[in-house]
>>> print(open('query.csv').read())   # CSV, C-alpha atoms and all ligand atoms
chain,number,residue,atom,x,y,z
A,1,MET,CA,91.7,133.0,101.1
A,2,THR,CA,90.4,129.7,99.8
A,3,ASP,CA,88.9,126.6,101.4
A,4,ASN,CA,89.8,123.2,100.0
A,5,THR,CA,86.2,121.9,100.1
A,6,THR,CA,83.2,123.3,98.4
A,7,TYR,CA,79.6,122.3,99.0
A,8,THR,CA,76.7,122.5,96.7
A,9,PRO,CA,73.5,122.4,98.8
A,10,PRO,CA,70.9,119.9,97.7
A,11,SER,CA,67.5,121.2,96.8
A,12,VAL,CA,66.1,119.9,100.2
A,13,TRP,CA,68.4,119.5,103.2
A,14,LYS,CA,68.3,116.1,104.8
A,15,TRP,CA,69.4,115.2,108.3
A,16,GLU,CA,72.5,113.0,108.5
A,17,ALA,CA,72.7,112.0,112.1
A,18,GLU,CA,76.5,112.5,112.5
A,19,ASN,CA,77.8,115.6,110.7
A,20,GLY,CA,81.2,115.6,112.6
A,21,GLY,CA,82.6,117.9,115.1
A,22,THR,CA,82.2,118.3,118.9
A,23,PHE,CA,78.5,118.1,119.9
A,24,ALA,CA,77.5,116.3,116.6
A,25,ASN,CA,75.9,113.6,118.7
A,26,ILE,CA,73.4,116.0,120.4
A,27,ASN,CA,72.6,118.2,117.5
A,28,ARG,CA,69.2,117.5,116.1
A,29,PRO,CA,66.9,119.4,113.6
A,30,ILE,CA,63.8,118.7,115.7
A,31,ALA,CA,62.7,119.8,119.2
A,32,GLY,CA,60.9,117.8,121.9
A,33,THR,CA,61.8,115.0,124.2
A,34,THR,CA,63.9,111.9,123.6
A,35,HIS,CA,63.0,110.1,126.8
A,36,ASN,CA,60.7,110.2,129.8
A,37,LYS,CA,62.4,111.3,133.0
A,38,PRO,CA,61.1,113.8,135.6
A,39,LEU,CA,63.5,116.3,137.1
A,40,PRO,CA,64.5,116.0,140.7
A,41,VAL,CA,63.2,118.7,143.1
A,42,GLY,CA,65.2,119.7,146.2
A,43,LYS,CA,64.3,121.5,149.4
A,44,HIS,CA,64.8,125.1,148.4
A,45,PRO,CA,62.3,127.4,146.6
A,46,LEU,CA,64.6,127.8,143.6
A,47,GLN,CA,65.6,124.8,141.6
A,48,LEU,CA,68.3,125.3,138.9
A,49,TYR,CA,69.0,122.7,136.2
A,50,SER,CA,72.3,123.6,134.6
A,51,LEU,CA,75.9,123.1,133.7
A,52,ALA,CA,78.9,125.4,134.2
A,53,THR,CA,79.1,126.7,130.6
A,54,PRO,CA,79.2,130.5,130.3
A,55,ASN,CA,75.4,130.6,130.1
A,56,GLY,CA,75.1,128.4,133.1
A,57,VAL,CA,77.7,130.3,135.1
A,58,LYS,CA,75.7,133.6,134.7
A,59,VAL,CA,72.9,132.2,136.9
A,60,THR,CA,75.0,130.5,139.6
A,61,VAL,CA,77.1,133.7,139.9
A,62,MET,CA,73.8,135.7,140.2
A,63,LEU,CA,72.5,133.4,142.9
A,64,GLU,CA,75.7,133.4,144.8
A,65,GLU,CA,75.8,137.2,144.6
A,66,LEU,CA,72.3,137.4,145.9
A,67,LEU,CA,73.2,135.1,148.8
A,68,ALA,CA,76.4,137.0,149.5
A,69,GLY,CA,74.2,140.2,149.6
A,70,GLY,CA,72.1,138.7,152.4
A,71,VAL,CA,69.1,137.6,150.2
A,72,ALA,CA,68.1,134.3,152.1
A,73,GLY,CA,65.3,133.7,149.6
A,74,ALA,CA,67.8,133.0,146.9
A,75,GLU,CA,68.9,129.7,148.4
A,76,TYR,CA,68.8,127.1,145.6
A,77,ASP,CA,69.4,123.5,144.6
A,78,ALA,CA,71.6,123.2,141.5
A,79,TRP,CA,71.1,120.0,139.6
A,80,LEU,CA,73.5,118.8,136.9
A,81,ILE,CA,72.3,118.6,133.3
A,82,LYS,CA,74.9,116.8,131.2
A,83,ILE,CA,74.2,118.2,127.8
A,84,ARG,CA,76.7,115.8,126.0
A,85,GLY,CA,74.6,113.0,127.4
A,86,GLY,CA,71.3,114.5,126.2
A,87,ASP,CA,69.8,115.3,129.6
A,88,GLN,CA,68.3,118.4,128.1
A,89,PHE,CA,65.9,116.3,126.1
A,90,SER,CA,64.3,114.6,129.0
A,91,SER,CA,60.5,115.1,129.5
A,92,GLY,CA,61.2,116.9,132.8
A,93,PHE,CA,63.7,119.3,131.3
A,94,VAL,CA,61.6,120.1,128.2
A,95,GLU,CA,58.7,121.0,130.6
A,96,VAL,CA,60.9,123.6,132.1
A,97,ASN,CA,62.6,124.7,128.9
A,98,PRO,CA,60.9,123.7,125.6
A,99,ASN,CA,64.1,124.9,123.9
A,100,SER,CA,66.2,122.1,125.6
A,101,LYS,CA,69.1,124.4,126.6
A,102,ILE,CA,70.6,125.0,130.0
A,103,PRO,CA,70.2,127.0,132.2
A,104,ALA,CA,66.6,126.5,133.3
A,105,LEU,CA,65.0,127.5,136.6
A,106,MET,CA,61.9,126.6,138.5
A,107,ASP,CA,60.6,129.0,141.2
A,108,HIS,CA,58.6,127.0,143.7
A,109,SER,CA,58.0,129.9,146.0
A,110,THR,CA,54.9,130.8,144.0
A,111,SER,CA,51.8,128.8,143.5
A,112,PRO,CA,51.7,127.6,140.8
A,113,ALA,CA,55.5,127.4,140.4
A,114,ILE,CA,57.0,129.5,137.7
A,115,ARG,CA,59.3,128.2,135.0
A,116,VAL,CA,62.1,130.5,133.7
A,117,PHE,CA,64.4,129.9,130.8
A,118,GLU,CA,66.9,131.9,128.7
A,119,SER,CA,69.8,132.9,130.9
A,120,GLY,CA,69.1,136.7,130.3
A,121,ASN,CA,65.5,136.3,131.5
A,122,ILE,CA,66.6,134.3,134.5
A,123,LEU,CA,69.0,137.1,135.5
A,124,LEU,CA,66.2,139.7,135.0
A,125,TYR,CA,63.6,137.5,136.9
A,126,LEU,CA,65.9,137.1,139.9
A,127,ALA,CA,67.0,140.8,139.9
A,128,GLU,CA,63.3,141.9,139.9
A,129,LYS,CA,62.2,139.3,142.4
A,130,PHE,CA,64.8,140.3,144.9
A,131,GLY,CA,65.3,144.0,144.0
A,132,ARG,CA,69.1,143.6,143.4
A,133,LEU,CA,71.7,144.1,140.7
A,134,LEU,CA,69.3,146.1,138.4
A,135,PRO,CA,69.1,149.9,139.0
A,136,ASP,CA,65.7,151.3,139.8
A,137,GLU,CA,66.1,154.7,138.1
A,138,PRO,CA,64.6,154.4,134.6
A,139,ALA,CA,67.6,155.6,132.6
A,140,LYS,CA,70.1,153.4,134.5
A,141,ARG,CA,67.8,150.4,134.4
A,142,THR,CA,67.4,150.8,130.6
A,143,GLU,CA,71.1,151.1,130.1
A,144,CYS,CA,71.6,147.9,132.1
A,145,LEU,CA,69.0,146.1,130.1
A,146,SER,CA,70.4,147.3,126.8
A,147,TRP,CA,73.7,145.7,127.7
A,148,LEU,CA,72.0,142.5,129.0
A,149,PHE,CA,70.2,142.2,125.7
A,150,TRP,CA,73.5,143.1,123.9
A,151,GLN,CA,75.1,140.1,125.5
A,152,MET,CA,72.2,137.8,124.6
A,153,GLY,CA,72.3,138.9,120.9
A,154,SER,CA,76.1,139.0,120.6
A,155,ALA,CA,77.4,135.9,122.4
A,156,PRO,CA,76.0,133.5,119.7
A,157,TYR,CA,78.6,135.0,117.3
A,158,LEU,CA,81.3,134.3,119.9
A,159,GLY,CA,80.2,130.9,120.9
A,160,GLY,CA,78.2,129.5,118.0
A,161,GLY,CA,80.3,131.3,115.5
A,162,PHE,CA,83.9,131.8,116.6
A,163,GLY,CA,84.1,129.1,119.2
A,164,HIS,CA,82.5,126.5,117.0
A,165,PHE,CA,84.6,127.1,113.9
A,166,TYR,CA,87.9,127.8,115.8
A,167,ALA,CA,87.7,125.0,118.4
A,168,TYR,CA,85.0,122.5,117.6
A,169,ALA,CA,84.5,122.1,113.8
A,170,PRO,CA,86.0,118.9,112.4
A,171,SER,CA,88.5,120.9,110.2
A,172,LYS,CA,89.7,124.5,110.3
A,173,MET,CA,88.1,126.6,107.5
A,174,ALA,CA,89.5,130.1,106.9
A,175,TYR,CA,86.2,131.7,105.8
A,176,PRO,CA,84.1,131.2,108.9
A,177,ILE,CA,87.1,131.6,111.3
A,178,ASP,CA,87.9,135.0,109.7
A,179,ARG,CA,84.3,136.0,109.7
A,180,TYR,CA,83.7,135.3,113.3
A,181,THR,CA,87.1,136.4,114.5
A,182,MET,CA,86.4,139.8,113.0
A,183,GLU,CA,83.1,140.0,114.8
A,184,THR,CA,84.4,138.7,118.1
A,185,LYS,CA,87.2,141.3,118.1
A,186,ARG,CA,84.8,144.0,117.2
A,187,GLN,CA,82.6,143.0,120.2
A,188,LEU,CA,85.7,143.1,122.5
A,189,ASP,CA,86.5,146.6,121.2
A,190,VAL,CA,82.9,147.7,121.9
A,191,LEU,CA,83.3,146.5,125.5
A,192,ASN,CA,86.8,148.0,125.8
A,193,ARG,CA,85.6,151.4,124.8
A,194,GLN,CA,82.6,151.1,127.1
A,195,LEU,CA,84.9,150.2,130.0
A,196,ALA,CA,87.6,152.8,129.3
A,197,ASP,CA,86.2,155.4,131.6
A,198,GLN,CA,83.7,153.6,133.8
A,199,SER,CA,84.0,150.8,136.3
A,200,TYR,CA,81.2,148.6,135.1
A,201,ILE,CA,79.4,147.9,131.9
A,202,ALA,CA,76.3,149.9,132.6
A,203,GLY,CA,77.9,152.7,134.7
A,204,ASP,CA,79.4,152.8,138.2
A,205,GLU,CA,77.3,150.0,139.6
A,206,TYR,CA,77.9,146.2,139.3
A,207,SER,CA,74.8,144.8,137.7
A,208,ILE,CA,73.3,141.8,135.9
A,209,ALA,CA,74.8,143.3,132.7
A,210,ASP,CA,78.3,142.6,134.2
A,211,ILE,CA,77.3,139.1,135.3
A,212,ALA,CA,76.0,138.2,131.8
A,213,ILE,CA,78.8,139.8,129.8
A,214,TRP,CA,81.6,138.6,132.2
A,215,ALA,CA,80.5,135.0,131.8
A,216,TRP,CA,81.3,135.2,128.1
A,217,TYR,CA,83.6,138.1,127.3
A,218,GLY,CA,85.3,138.4,130.7
A,219,GLN,CA,86.2,134.7,130.7
A,220,LEU,CA,87.3,135.0,127.1
A,221,ALA,CA,89.6,137.9,128.1
A,222,LEU,CA,91.0,135.8,131.0
A,223,GLY,CA,91.9,133.1,128.5
A,224,ARG,CA,89.4,130.5,129.6
A,225,LEU,CA,87.4,130.0,126.3
A,226,TYR,CA,88.5,128.1,123.2
A,227,ASP,CA,92.2,128.3,124.0
A,228,ALA,CA,92.0,131.5,121.9
A,229,ALA,CA,93.7,134.1,124.1
A,230,GLU,CA,96.8,134.5,121.9
A,231,PHE,CA,94.9,134.2,118.6
A,232,LEU,CA,92.5,137.0,119.6
A,233,ASP,CA,95.2,139.0,121.3
A,234,VAL,CA,92.9,139.4,124.3
A,235,THR,CA,95.4,141.3,126.5
A,236,SER,CA,95.3,144.2,124.1
A,237,TYR,CA,91.8,145.0,125.4
A,238,THR,CA,93.2,146.4,128.5
A,239,HIS,CA,90.0,147.9,130.0
A,240,VAL,CA,88.1,144.6,129.4
A,241,THR,CA,91.0,142.8,131.1
A,242,ARG,CA,91.0,145.1,134.1
A,243,TRP,CA,87.2,144.7,134.6
A,244,ALA,CA,87.3,140.9,134.0
A,245,THR,CA,90.0,140.5,136.6
A,246,GLU,CA,88.2,142.6,139.2
A,247,ILE,CA,85.0,140.5,138.7
A,248,ASP,CA,86.9,137.3,138.8
A,249,ASP,CA,88.2,138.2,142.3
A,250,ARG,CA,84.7,138.4,143.8
A,251,SER,CA,84.0,135.5,146.1
A,252,ALA,CA,80.5,135.0,144.8
A,253,VAL,CA,81.9,134.7,141.3
A,254,LYS,CA,84.5,132.1,142.5
A,255,ARG,CA,81.7,130.1,144.1
A,256,GLY,CA,79.3,130.5,141.1
A,257,ARG,CA,82.0,129.2,138.7
A,258,MET,CA,82.3,125.9,140.7
A,259,VAL,CA,78.6,125.0,140.6
A,260,ASN,CA,77.7,122.3,138.1
A,261,ARG,CA,81.3,122.2,136.8
A,262,ILE,CA,82.4,118.9,135.5
A,263,SER,CA,85.8,119.7,134.1
A,264,GLY,CA,89.0,121.2,135.4
A,265,ALA,CA,90.7,120.9,138.8
A,266,PRO,CA,88.6,118.6,141.1
A,267,GLN,CA,88.7,121.1,144.0
A,268,TYR,CA,86.7,123.5,141.8
A,269,GLN,CA,84.1,121.1,140.6
A,270,LEU,CA,80.9,121.1,142.7
A,271,HIS,CA,78.6,118.9,140.5
A,272,GLU,CA,75.5,119.7,142.5
A,273,ARG,CA,74.9,122.3,145.1
A,274,HIS,CA,72.2,121.9,147.7
A,275,ASP,CA,73.7,123.8,150.6
A,276,VAL,CA,76.3,126.4,151.2
A,277,SER,CA,78.4,123.9,153.1
A,278,ASP,CA,78.7,121.8,149.9
A,279,PHE,CA,81.5,124.2,148.7
A,280,ASP,CA,83.6,122.9,151.7
A,281,THR,CA,82.6,119.3,151.7
A,282,LYS,CA,81.3,118.1,148.3
A,283,THR,CA,83.8,119.2,145.7
A,284,GLN,CA,85.2,116.4,143.6
A,285,ASP,CA,88.6,116.3,145.4
A,286,LYS,CA,86.6,115.5,148.6
A,287,ILE,CA,84.1,113.0,147.4
A,288,SER,CA,85.8,111.0,144.7
B,301,LIG,N1,70.1,131.7,124.7
B,301,LIG,C1,70.2,130.6,125.6
B,301,LIG,C2,71.3,129.7,125.2
B,301,LIG,C3,71.5,128.5,126.1
B,301,LIG,C4,72.5,127.5,125.5
B,301,LIG,O1,72.9,127.6,124.3
B,301,LIG,N2,72.8,126.5,126.3
B,301,LIG,C5,73.7,125.4,125.8
B,301,LIG,C6,74.9,125.3,126.7
B,301,LIG,S1,75.8,126.8,126.8
B,301,LIG,C7,73.0,124.1,125.7
B,301,LIG,O2,72.2,123.8,126.6
B,301,LIG,N3,73.2,123.3,124.7
B,301,LIG,C8,72.6,122.0,124.6
B,301,LIG,C9,72.1,121.7,123.2
B,301,LIG,O3,72.3,122.6,122.3
B,301,LIG,O4,71.5,120.7,123.0
B,301,LIG,C10,70.5,131.1,127.0
B,301,LIG,O5,71.2,132.1,127.1
B,301,LIG,O6,69.9,130.5,128.0
>>> encode(input="query.csv", output="C-alpha cells", more="lines below")
Ligand SMILES: N[C@@H](CCC(=O)N[C@@H](CS)C(=O)NCC(=O)O)C(=O)O
Amino acid sequence: MTDNTTYTPPSVWKWEAENGGTFANINRPIAGTTHNKPLPVGKHPLQLYSLATPNGVKVTVMLEELLAGGVAGAEYDAWLIKIRGGDQFSSGFVEVNPNSKIPALMDHSTSPAIRVFESGNILLYLAEKFGRLLPDEPAKRTECLSWLFWQMGSAPYLGGGFGHFYAYAPSKMAYPIDRYTMETKRQLDVLNRQLADQSYIAGDEYSIADIAIWAWYGQLALGRLYDAAEFLDVTSYTHVTRWATEIDDRSAVKRGRMVNRISGAPQYQLHERHDVSDFDTKTQDKIS
C-alpha cells in the first residue's frame, strides 16, 4: 500500500486557512468567538442549540423519548446552529459551550440556569434530572454508563477518522482509510457481539446507551452515514442491524431525527422545534 504524496512536517506547524476538504472553512486552530451574537431563548425551560448530526440527534431523540414517556418538564425549544456557517463561534454559543460544538443545552428551570455541553453529558443530565432511561440499580447503571462513555470515546474514530478520510478528505488515501476502516469494523463487531444475546446495548432495557450508540453506529448500519454501507459490509453485522432497525421504528426516534435537520426530504426537515405541533405544521414541505 503506497500513497502518492508524502509530507515532511516543518519544524513548527503554521495555520494555512484553507487546507482543503469539507469543513475546511470552519476548521481553526484557535478557540473562542468570531462574532458577537446572543442566542435566542424560547418559552420552554430547556433550550437546545443544535443540528441534526449524529451528536445532535442523540439529544433530540432523548427529549422526544422523555416527552413520549409523559415527562412534561422535558418540553424544549430547539434552535438551529448552522455549523458550516460558523454559528458555533458566536459569543452566545461559546458561552453555552466553550468548545464550539453542537449540541449545547441550557436548563432555565434552575436559578441560575445551568449550561450543559458534550452530548453524552446532556443525555446523562436529562436522564438524572427526570429519572428515565438510566437504570437505578448500581451494576446496571454502571454498565449503561460504560457503554455511554464507550460511544463518546469510540465515535471520533468513526466520524473524525473513517468518515473524514473516506468521505470528506480532498483525496482518497489508502493509509488512513485502511486504518480507520479497520477500527470502525472492529467497533461494529464489538456491538454485534454485545447485541447477539440481549435486546439492548446495556441489557434488557432501552437506555441512554442505546440512544447514544444508535445515533452513530445504528445509523451507520442503516446505511445513512458516509455512503459507506457496502464498503463496510454493514449488513454482515446482523445483530446490530436488528437492533438498529428496531430503534429506528420508535416514534420518538422518528421525531428526534427531524429536529434541526437541514438536508434530505423536506417533509422530514423541521429546522426549529418550539412546540409538538411543529411536526405537523412547520416541516420544510409545509412552509417553503
Ligand atoms: N464530543 C462532542 C462532539 C460534538 C461535535 O463534534 N459536534 C460537531 C457536529 S457533529 C460540531 O459542532 N462541529 C463544529 C465544528 O467543529 O466547528 C459531543 O459529543 O457533543
>>> residues_around(input="query.csv", residues="stretch 29-42 of chain A", least_positions_apart="4", cutoff="12 Å", atoms="only C-alpha atoms", output="PyMOL selection string")
chain A and resi 13-19+24-25+46-50+75-81+85-101+104-108+113+272-275
>>> write_last_selection(input="query.csv", atoms="C-alpha atoms", output="PDB file, in the frame of the given file")
ATOM      1  CA  TRP A  13      68.400 119.500 103.200  1.00  0.00           C
ATOM      2  CA  LYS A  14      68.300 116.100 104.800  1.00  0.00           C
ATOM      3  CA  TRP A  15      69.400 115.200 108.300  1.00  0.00           C
ATOM      4  CA  GLU A  16      72.500 113.000 108.500  1.00  0.00           C
ATOM      5  CA  ALA A  17      72.700 112.000 112.100  1.00  0.00           C
ATOM      6  CA  GLU A  18      76.500 112.500 112.500  1.00  0.00           C
ATOM      7  CA  ASN A  19      77.800 115.600 110.700  1.00  0.00           C
ATOM      8  CA  ALA A  24      77.500 116.300 116.600  1.00  0.00           C
ATOM      9  CA  ASN A  25      75.900 113.600 118.700  1.00  0.00           C
ATOM     10  CA  LEU A  46      64.600 127.800 143.600  1.00  0.00           C
ATOM     11  CA  GLN A  47      65.600 124.800 141.600  1.00  0.00           C
ATOM     12  CA  LEU A  48      68.300 125.300 138.900  1.00  0.00           C
ATOM     13  CA  TYR A  49      69.000 122.700 136.200  1.00  0.00           C
ATOM     14  CA  SER A  50      72.300 123.600 134.600  1.00  0.00           C
ATOM     15  CA  GLU A  75      68.900 129.700 148.400  1.00  0.00           C
ATOM     16  CA  TYR A  76      68.800 127.100 145.600  1.00  0.00           C
ATOM     17  CA  ASP A  77      69.400 123.500 144.600  1.00  0.00           C
ATOM     18  CA  ALA A  78      71.600 123.200 141.500  1.00  0.00           C
ATOM     19  CA  TRP A  79      71.100 120.000 139.600  1.00  0.00           C
ATOM     20  CA  LEU A  80      73.500 118.800 136.900  1.00  0.00           C
ATOM     21  CA  ILE A  81      72.300 118.600 133.300  1.00  0.00           C
ATOM     22  CA  GLY A  85      74.600 113.000 127.400  1.00  0.00           C
ATOM     23  CA  GLY A  86      71.300 114.500 126.200  1.00  0.00           C
ATOM     24  CA  ASP A  87      69.800 115.300 129.600  1.00  0.00           C
ATOM     25  CA  GLN A  88      68.300 118.400 128.100  1.00  0.00           C
ATOM     26  CA  PHE A  89      65.900 116.300 126.100  1.00  0.00           C
ATOM     27  CA  SER A  90      64.300 114.600 129.000  1.00  0.00           C
ATOM     28  CA  SER A  91      60.500 115.100 129.500  1.00  0.00           C
ATOM     29  CA  GLY A  92      61.200 116.900 132.800  1.00  0.00           C
ATOM     30  CA  PHE A  93      63.700 119.300 131.300  1.00  0.00           C
ATOM     31  CA  VAL A  94      61.600 120.100 128.200  1.00  0.00           C
ATOM     32  CA  GLU A  95      58.700 121.000 130.600  1.00  0.00           C
ATOM     33  CA  VAL A  96      60.900 123.600 132.100  1.00  0.00           C
ATOM     34  CA  ASN A  97      62.600 124.700 128.900  1.00  0.00           C
ATOM     35  CA  PRO A  98      60.900 123.700 125.600  1.00  0.00           C
ATOM     36  CA  ASN A  99      64.100 124.900 123.900  1.00  0.00           C
ATOM     37  CA  SER A 100      66.200 122.100 125.600  1.00  0.00           C
ATOM     38  CA  LYS A 101      69.100 124.400 126.600  1.00  0.00           C
ATOM     39  CA  ALA A 104      66.600 126.500 133.300  1.00  0.00           C
ATOM     40  CA  LEU A 105      65.000 127.500 136.600  1.00  0.00           C
ATOM     41  CA  MET A 106      61.900 126.600 138.500  1.00  0.00           C
ATOM     42  CA  ASP A 107      60.600 129.000 141.200  1.00  0.00           C
ATOM     43  CA  HIS A 108      58.600 127.000 143.700  1.00  0.00           C
ATOM     44  CA  ALA A 113      55.500 127.400 140.400  1.00  0.00           C
ATOM     45  CA  GLU A 272      75.500 119.700 142.500  1.00  0.00           C
ATOM     46  CA  ARG A 273      74.900 122.300 145.100  1.00  0.00           C
ATOM     47  CA  HIS A 274      72.200 121.900 147.700  1.00  0.00           C
ATOM     48  CA  ASP A 275      73.700 123.800 150.600  1.00  0.00           C
TER      49      ASP A 275
END
>>> residues_around(input="query.csv", residues="A:His271", least_positions_apart="2", cutoff="8 Å", atoms="all atoms listed in the file", output="ChimeraX atom specification")
/A:79-80,258-262,269,273,283-284
>>> atom_distance(input="query.csv", atom1="atom CA of A:Trp147", atom2="atom CA of A:Ala52")
21.9 Å
>>> residues_near_ligand(input="query.csv", ligand="ligand LIG 301 (chain B)", cutoff="9 Å", atoms="all atoms listed in the file", output="ChimeraX atom specification")
/A:23,26-28,50-56,58,81-84,86-89,99-104,117-122,152-153,155-156,159-160
>>> residues_around(input="query.csv", residues="A:Ser236", least_positions_apart="5", cutoff="12 Å", atoms="all atoms listed in the file", output="JSON, numbers by chain")
{"A": [185, 188, 189, 192, 221, 222, 229, 230, 231, 241, 242]}
>>> residues_near_point(input="query.csv", point="(83.9, 137.5, 137.7)", cutoff="12 Å", atoms="only C-alpha atoms", output="ChimeraX atom specification")
/A:54,57-58,60-62,64-65,200,206-222,240-257
>>> atom_distance(input="query.csv", atom1="atom CA of A:Ala72", atom2="atom CA of A:Ala139")
28.9 Å
>>> closest_residue(input="query.csv", among="A:Gly223, A:Ala68, A:Ala127, A:Ser11", to="A:Val276", atoms="all atoms listed in the file")
A:Ala68
>>> atom_distance(input="query.csv", atom1="atom CA of A:Val116", atom2="atom CA of A:Glu128")
13.0 Å
>>> residues_around(input="query.csv", residues="A:Pro176", least_positions_apart="5", cutoff="10 Å", atoms="only C-alpha atoms", output="list in words")
Gly161, Phe162, His164, Phe165, Tyr166, Thr181 and Met182 of chain A
>>> axis_aligned_box(input="query.csv", around="stretch 119-125 of chain A", padding_each_side="4 Å", output="AutoDock Vina command-line options")
--center_x 66.7 --center_y 136.3 --center_z 133.6 --size_x 14.2 --size_y 14.8 --size_z 14.6
>>> decode(input="query.csv", residues="stretch 21-36 of chain A", atoms="N, CA and C atoms", output="PDB file, in the first residue's frame")
ATOM      1  N   GLY A  21     -10.809  20.074   1.556  1.00  0.00           N
ATOM      2  CA  GLY A  21     -11.746  19.117   2.160  1.00  0.00           C
ATOM      3  C   GLY A  21     -12.970  19.806   2.727  1.00  0.00           C
ATOM      4  N   THR A  22     -14.023  19.009   2.905  1.00  0.00           N
ATOM      5  CA  THR A  22     -15.247  19.516   3.506  1.00  0.00           C
ATOM      6  C   THR A  22     -14.940  20.014   4.911  1.00  0.00           C
ATOM      7  N   PHE A  23     -15.542  21.091   5.302  1.00  0.00           N
ATOM      8  CA  PHE A  23     -15.369  21.722   6.622  1.00  0.00           C
ATOM      9  C   PHE A  23     -14.092  22.545   6.753  1.00  0.00           C
ATOM     10  N   ALA A  24     -13.264  22.611   5.670  1.00  0.00           N
ATOM     11  CA  ALA A  24     -12.010  23.370   5.785  1.00  0.00           C
ATOM     12  C   ALA A  24     -12.283  24.818   6.185  1.00  0.00           C
ATOM     13  N   ASN A  25     -13.425  25.355   5.748  1.00  0.00           N
ATOM     14  CA  ASN A  25     -13.688  26.770   6.040  1.00  0.00           C
ATOM     15  C   ASN A  25     -14.004  27.034   7.504  1.00  0.00           C
ATOM     16  N   ILE A  26     -14.392  26.007   8.279  1.00  0.00           N
ATOM     17  CA  ILE A  26     -14.698  26.268   9.693  1.00  0.00           C
ATOM     18  C   ILE A  26     -13.628  25.712  10.638  1.00  0.00           C
ATOM     19  N   ASN A  27     -12.656  24.994  10.103  1.00  0.00           N
ATOM     20  CA  ASN A  27     -11.618  24.447  10.981  1.00  0.00           C
ATOM     21  C   ASN A  27     -10.614  25.534  11.341  1.00  0.00           C
ATOM     22  N   ARG A  28     -10.374  25.677  12.632  1.00  0.00           N
ATOM     23  CA  ARG A  28      -9.441  26.705  13.089  1.00  0.00           C
ATOM     24  C   ARG A  28      -8.572  26.107  14.190  1.00  0.00           C
ATOM     25  N   PRO A  29      -7.336  26.556  14.364  1.00  0.00           N
ATOM     26  CA  PRO A  29      -6.505  26.037  15.458  1.00  0.00           C
ATOM     27  C   PRO A  29      -6.680  26.830  16.749  1.00  0.00           C
ATOM     28  N   ILE A  30      -7.639  27.731  16.778  1.00  0.00           N
ATOM     29  CA  ILE A  30      -7.861  28.530  17.988  1.00  0.00           C
ATOM     30  C   ILE A  30      -9.320  28.432  18.423  1.00  0.00           C
ATOM     31  N   ALA A  31      -9.518  28.577  19.734  1.00  0.00           N
ATOM     32  CA  ALA A  31     -10.877  28.554  20.285  1.00  0.00           C
ATOM     33  C   ALA A  31     -11.396  29.994  20.384  1.00  0.00           C
ATOM     34  N   GLY A  32     -12.594  30.125  20.955  1.00  0.00           N
ATOM     35  CA  GLY A  32     -13.126  31.470  21.194  1.00  0.00           C
ATOM     36  C   GLY A  32     -14.107  31.911  20.131  1.00  0.00           C
ATOM     37  N   THR A  33     -14.514  33.166  20.243  1.00  0.00           N
ATOM     38  CA  THR A  33     -15.606  33.669  19.393  1.00  0.00           C
ATOM     39  C   THR A  33     -15.065  34.343  18.135  1.00  0.00           C
ATOM     40  N   THR A  34     -15.904  34.349  17.101  1.00  0.00           N
ATOM     41  CA  THR A  34     -15.568  35.118  15.892  1.00  0.00           C
ATOM     42  C   THR A  34     -16.477  36.327  15.749  1.00  0.00           C
ATOM     43  N   HIS A  35     -17.627  36.314  16.444  1.00  0.00           N
ATOM     44  CA  HIS A  35     -18.549  37.440  16.304  1.00  0.00           C
ATOM     45  C   HIS A  35     -19.465  37.519  17.528  1.00  0.00           C
ATOM     46  N   ASN A  36     -19.994  38.702  17.748  1.00  0.00           N
ATOM     47  CA  ASN A  36     -20.899  38.911  18.888  1.00  0.00           C
ATOM     48  C   ASN A  36     -22.334  38.705  18.450  1.00  0.00           C
TER      49      ASN A  36
END
